[in-house]
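Asks: So I've got this file, final_16.cif, and it contains mmCIF, N, CA, C and O atoms and all ligand atoms:
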```cif
data_structure
#
loop_
_atom_site.label_atom_id
_atom_site.label_comp_id
_atom_site.auth_asym_id
_atom_site.auth_seq_id
_atom_site.Cartn_x
_atom_site.Cartn_y
_atom_site.Cartn_z
N MET A 645 63.68 121.04 117.07
CA MET A 645 62.78 120.82 118.21
C MET A 645 63.41 119.86 119.20
O MET A 645 64.21 119.01 118.82
N ARG A 646 63.02 120.02 120.47
CA ARG A 646 63.52 119.12 121.49
C ARG A 646 62.56 117.96 121.66
O ARG A 646 61.35 118.14 121.68
N VAL A 647 63.09 116.77 121.79
CA VAL A 647 62.26 115.58 121.93
C VAL A 647 62.77 114.77 123.11
O VAL A 647 63.95 114.84 123.47
N LYS A 648 61.85 114.03 123.71
CA LYS A 648 62.23 113.22 124.86
C LYS A 648 61.97 111.76 124.53
O LYS A 648 60.89 111.40 124.08
N CYS A 649 62.97 110.94 124.77
CA CYS A 649 62.85 109.51 124.48
C CYS A 649 61.81 108.91 125.42
O CYS A 649 61.84 109.14 126.63
N VAL A 650 60.89 108.15 124.85
CA VAL A 650 59.79 107.59 125.63
C VAL A 650 60.29 106.49 126.57
O VAL A 650 59.65 106.18 127.56
N LEU A 651 61.43 105.92 126.30
CA LEU A 651 61.91 104.80 127.10
C LEU A 651 62.89 105.22 128.19
O LEU A 651 62.79 104.79 129.32
N CYS A 652 63.86 106.06 127.87
CA CYS A 652 64.89 106.36 128.86
C CYS A 652 64.87 107.84 129.28
O CYS A 652 65.72 108.27 130.05
N ASP A 653 63.89 108.61 128.78
CA ASP A 653 63.71 110.01 129.18
C ASP A 653 64.88 110.90 128.77
O ASP A 653 65.03 112.00 129.27
N GLN A 654 65.72 110.44 127.89
CA GLN A 654 66.82 111.26 127.42
C GLN A 654 66.29 112.33 126.47
O GLN A 654 65.45 112.04 125.62
N ILE A 655 66.74 113.54 126.67
CA ILE A 655 66.32 114.64 125.80
C ILE A 655 67.21 114.66 124.56
O ILE A 655 68.43 114.66 124.67
N GLY A 656 66.58 114.65 123.43
CA GLY A 656 67.33 114.70 122.19
C GLY A 656 66.93 115.93 121.39
O GLY A 656 65.97 116.62 121.72
N LYS A 657 67.68 116.20 120.35
CA LYS A 657 67.36 117.33 119.50
C LYS A 657 67.15 116.83 118.09
O LYS A 657 67.92 116.02 117.58
N LEU A 658 66.09 117.32 117.47
CA LEU A 658 65.74 116.89 116.14
C LEU A 658 65.73 118.09 115.22
O LEU A 658 65.17 119.13 115.57
N GLU A 659 66.34 118.00 114.08
CA GLU A 659 66.24 119.08 113.10
C GLU A 659 64.78 119.20 112.68
O GLU A 659 64.11 118.20 112.45
N ASP A 660 64.30 120.44 112.60
CA ASP A 660 62.88 120.67 112.35
C ASP A 660 62.39 120.14 111.02
O ASP A 660 61.22 119.84 110.86
N ASP A 661 63.29 120.04 110.05
CA ASP A 661 62.81 119.66 108.72
C ASP A 661 63.03 118.19 108.38
O ASP A 661 62.91 117.78 107.24
N THR A 662 63.35 117.36 109.38
CA THR A 662 63.47 115.94 109.09
C THR A 662 62.09 115.31 109.07
O THR A 662 61.16 115.81 109.71
N PRO A 663 61.93 114.22 108.34
CA PRO A 663 60.63 113.54 108.26
C PRO A 663 60.11 113.14 109.64
O PRO A 663 58.91 113.24 109.91
N LEU A 664 61.02 112.71 110.52
CA LEU A 664 60.59 112.28 111.84
C LEU A 664 60.05 113.45 112.66
O LEU A 664 59.03 113.32 113.34
N ALA A 665 60.71 114.60 112.57
CA ALA A 665 60.24 115.78 113.30
C ALA A 665 58.86 116.20 112.82
O ALA A 665 57.99 116.55 113.61
N LYS A 666 58.64 116.14 111.52
CA LYS A 666 57.33 116.49 110.97
C LYS A 666 56.26 115.53 111.46
O LYS A 666 55.16 115.93 111.81
N LYS A 667 56.61 114.26 111.49
CA LYS A 667 55.67 113.24 111.94
C LYS A 667 55.28 113.48 113.40
O LYS A 667 54.12 113.39 113.77
N LEU A 668 56.28 113.80 114.23
CA LEU A 668 56.02 114.02 115.66
C LEU A 668 55.16 115.27 115.87
O LEU A 668 54.35 115.32 116.79
N ARG A 669 55.37 116.29 115.04
CA ARG A 669 54.60 117.52 115.18
C ARG A 669 53.16 117.32 114.74
O ARG A 669 52.23 117.78 115.38
N ASN A 670 52.98 116.59 113.64
CA ASN A 670 51.63 116.40 113.11
C ASN A 670 50.84 115.38 113.91
O ASN A 670 49.63 115.49 114.02
N ARG A 671 51.52 114.41 114.43
CA ARG A 671 50.82 113.37 115.17
C ARG A 671 51.51 113.16 116.51
O ARG A 671 52.41 112.34 116.65
N PRO A 672 51.10 113.94 117.51
CA PRO A 672 51.77 113.90 118.82
C PRO A 672 51.72 112.52 119.47
O PRO A 672 52.50 112.23 120.37
N ILE A 673 50.82 111.68 118.97
CA ILE A 673 50.71 110.34 119.52
C ILE A 673 51.93 109.50 119.17
O ILE A 673 52.31 108.58 119.88
N HIS A 674 52.56 109.86 118.07
CA HIS A 674 53.77 109.17 117.64
C HIS A 674 54.88 109.47 118.65
O HIS A 674 55.18 110.61 118.93
N THR A 675 55.51 108.45 119.18
CA THR A 675 56.50 108.66 120.23
C THR A 675 57.92 108.64 119.67
O THR A 675 58.19 107.97 118.69
N TYR A 676 58.77 109.37 120.36
CA TYR A 676 60.16 109.45 119.94
C TYR A 676 60.99 108.46 120.74
O TYR A 676 60.82 108.30 121.95
N MET A 677 61.89 107.77 120.06
CA MET A 677 62.87 106.93 120.73
C MET A 677 64.25 107.37 120.30
O MET A 677 64.49 107.62 119.12
N CYS A 678 65.18 107.47 121.27
CA CYS A 678 66.54 107.83 120.92
C CYS A 678 67.19 106.66 120.16
O CYS A 678 66.72 105.53 120.24
N PRO A 679 68.25 106.92 119.43
CA PRO A 679 68.88 105.87 118.62
C PRO A 679 69.28 104.64 119.44
O PRO A 679 69.20 103.53 118.95
N ILE A 680 69.68 104.87 120.69
CA ILE A 680 70.11 103.74 121.52
C ILE A 680 68.95 102.81 121.82
O ILE A 680 69.05 101.60 121.70
N CYS A 681 67.81 103.41 122.20
CA CYS A 681 66.64 102.60 122.49
C CYS A 681 66.08 101.96 121.23
O CYS A 681 65.62 100.83 121.25
N GLU A 682 66.13 102.67 120.13
CA GLU A 682 65.67 102.11 118.87
C GLU A 682 66.45 100.85 118.53
O GLU A 682 65.90 99.85 118.12
N GLN A 683 67.76 100.94 118.74
CA GLN A 683 68.63 99.80 118.48
C GLN A 683 68.26 98.63 119.39
O GLN A 683 68.15 97.49 118.97
N ARG A 684 68.01 98.98 120.68
CA ARG A 684 67.67 97.94 121.64
C ARG A 684 66.36 97.26 121.27
O ARG A 684 66.24 96.05 121.35
N ILE A 685 65.37 98.06 120.85
CA ILE A 685 64.07 97.51 120.49
C ILE A 685 64.20 96.59 119.28
O ILE A 685 63.62 95.51 119.24
N SER A 686 64.99 97.00 118.30
CA SER A 686 65.10 96.16 117.10
C SER A 686 65.82 94.86 117.43
O SER A 686 65.50 93.82 116.89
N GLU A 687 66.77 94.92 118.36
CA GLU A 687 67.42 93.68 118.79
C GLU A 687 66.45 92.77 119.50
O GLU A 687 66.43 91.56 119.31
N MET A 688 65.60 93.35 120.36
CA MET A 688 64.61 92.57 121.08
C MET A 688 63.61 91.94 120.13
O MET A 688 63.20 90.80 120.32
N THR A 689 63.23 92.69 119.09
CA THR A 689 62.30 92.15 118.11
C THR A 689 62.91 90.96 117.38
O THR A 689 62.26 89.94 117.18
N GLU A 690 64.18 91.09 117.03
CA GLU A 690 64.86 89.99 116.36
C GLU A 690 64.92 88.76 117.27
O GLU A 690 64.68 87.65 116.85
N ALA A 691 65.23 89.01 118.55
CA ALA A 691 65.35 87.90 119.50
C ALA A 691 64.01 87.20 119.67
O ALA A 691 63.95 85.98 119.75
N ARG A 692 62.94 88.01 119.71
CA ARG A 692 61.61 87.41 119.88
C ARG A 692 61.26 86.57 118.66
O ARG A 692 60.67 85.51 118.79
N LYS A 693 61.62 87.06 117.50
CA LYS A 693 61.34 86.30 116.28
C LYS A 693 62.06 84.95 116.33
O LYS A 693 61.49 83.92 116.01
N ALA A 694 63.31 84.98 116.76
CA ALA A 694 64.10 83.75 116.84
C ALA A 694 63.48 82.80 117.84
O ALA A 694 63.37 81.60 117.59
N THR A 695 63.06 83.32 119.01
CA THR A 695 62.43 82.49 120.03
C THR A 695 61.15 81.88 119.49
O THR A 695 60.87 80.70 119.70
N GLY A 696 60.37 82.69 118.78
CA GLY A 696 59.11 82.20 118.21
C GLY A 696 59.35 81.02 117.28
O GLY A 696 58.67 80.01 117.36
N ASN A 697 60.36 81.14 116.44
CA ASN A 697 60.67 80.05 115.52
C ASN A 697 61.07 78.80 116.28
O ASN A 697 60.69 77.70 115.92
N PHE A 698 61.84 79.00 117.35
CA PHE A 698 62.31 77.87 118.12
C PHE A 698 61.15 77.12 118.77
O PHE A 698 61.05 75.90 118.69
N ILE A 699 60.21 77.90 119.39
CA ILE A 699 59.06 77.28 120.05
C ILE A 699 58.20 76.54 119.02
O ILE A 699 57.76 75.43 119.25
N PHE A 700 58.01 77.19 117.88
CA PHE A 700 57.19 76.55 116.83
C PHE A 700 57.82 75.21 116.42
O PHE A 700 57.14 74.20 116.31
N TYR A 701 59.12 75.22 116.25
CA TYR A 701 59.80 74.00 115.85
C TYR A 701 59.63 72.91 116.90
O TYR A 701 59.29 71.78 116.60
N ARG A 702 59.85 73.32 118.19
CA ARG A 702 59.77 72.33 119.26
C ARG A 702 58.37 71.76 119.40
O ARG A 702 58.22 70.55 119.59
N SER A 703 57.33 72.64 119.33
CA SER A 703 55.99 72.13 119.58
C SER A 703 55.54 71.22 118.44
O SER A 703 54.90 70.20 118.67
N SER A 704 55.93 71.55 117.21
CA SER A 704 55.51 70.67 116.13
C SER A 704 56.28 69.35 116.20
O SER A 704 55.76 68.29 115.89
N HIS A 705 57.51 69.43 116.69
CA HIS A 705 58.31 68.22 116.88
C HIS A 705 57.66 67.33 117.94
O HIS A 705 57.50 66.12 117.73
N LEU A 706 57.24 67.95 119.05
CA LEU A 706 56.59 67.21 120.12
C LEU A 706 55.30 66.56 119.65
O LEU A 706 55.04 65.41 119.95
N THR A 707 54.51 67.31 118.91
CA THR A 707 53.23 66.80 118.45
C THR A 707 53.44 65.52 117.61
O THR A 707 52.76 64.53 117.80
N GLU A 708 54.42 65.57 116.74
CA GLU A 708 54.65 64.39 115.91
C GLU A 708 55.10 63.19 116.73
O GLU A 708 54.68 62.06 116.48
N LYS A 709 55.95 63.47 117.70
CA LYS A 709 56.53 62.35 118.47
C LYS A 709 55.58 61.76 119.50
O LYS A 709 55.59 60.56 119.72
N ASP A 710 54.78 62.67 120.16
CA ASP A 710 54.05 62.22 121.35
C ASP A 710 52.67 61.68 121.05
O ASP A 710 52.06 61.04 121.88
N PHE A 711 52.17 61.93 119.85
CA PHE A 711 50.82 61.44 119.58
C PHE A 711 50.80 60.42 118.46
O PHE A 711 51.48 60.52 117.48
ZN ZN A 801 66.16 106.22 124.86
#
```
Could you render the structure as structure tokens?

Replies:
Amino acid sequence: MRVKCVLCDQIGKLEDDTPLAKKLRNRPIHTYMCPICEQRISEMTEARKATGNFIFYRSSHLTEKDF
């Protein structure tokens, strides 16, 4: 089946019998992302996690020092 990446509109091809193709057919709400965008998203998620840890560290540090 042909699939379109929800992020960059690239048309990809999926073998009909892969788990992902079945998921997309059964639940059209499930969106397809090409491998490049998937990689980008997972990198962004990692970066956000790192930022979150940093902010948490700083704010707890500030709370201890300033009050
Ligand atoms: Zn893409």

Asks: Please extract the residues at most 7 Å from ligand ZN 801 (chain A), counting all atoms listed in the file, and provide them as a PyMOL selection string, using the chain letters and residue numbers of this document.

Replies: chain A and resi 648-654+676-682

Asks: If you measure from atom N of Lys667 in chain A to atom N of Met645 in chain A, what distance in Å do you get, rounded to one decimal?

Replies: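 Separation between atom N of Lys667 in chain A and atom N of Met645 in chain A: 11.3 Å.
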
Asks: With distances taken over all atoms listed in the file, which of A:Thr675, A:Ser686, A:Arg646, A:Arg692 is nearest to Asp660 in chain A?

Replies: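 Nearest to Asp660 in chain A: A:Arg646.
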
Asks: Just how far from atom C of Met688 in chain A is atom O of Asp661 in chain A, in Å to one decimal?

Replies: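 Taking atom O of Asp661 in chain A as the start and atom C of Met688 in chain A as the end point, the length is 28.9 Å.
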
Asks: Would you compute the distance between CA of Arg669 in chain A and CA of Glu690 in chain A? Give it in Å to one decimal.

Replies: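 If I compute the distance from CA of Arg669 in chain A to CA of Glu690 in chain A, I get 29.4 Å.
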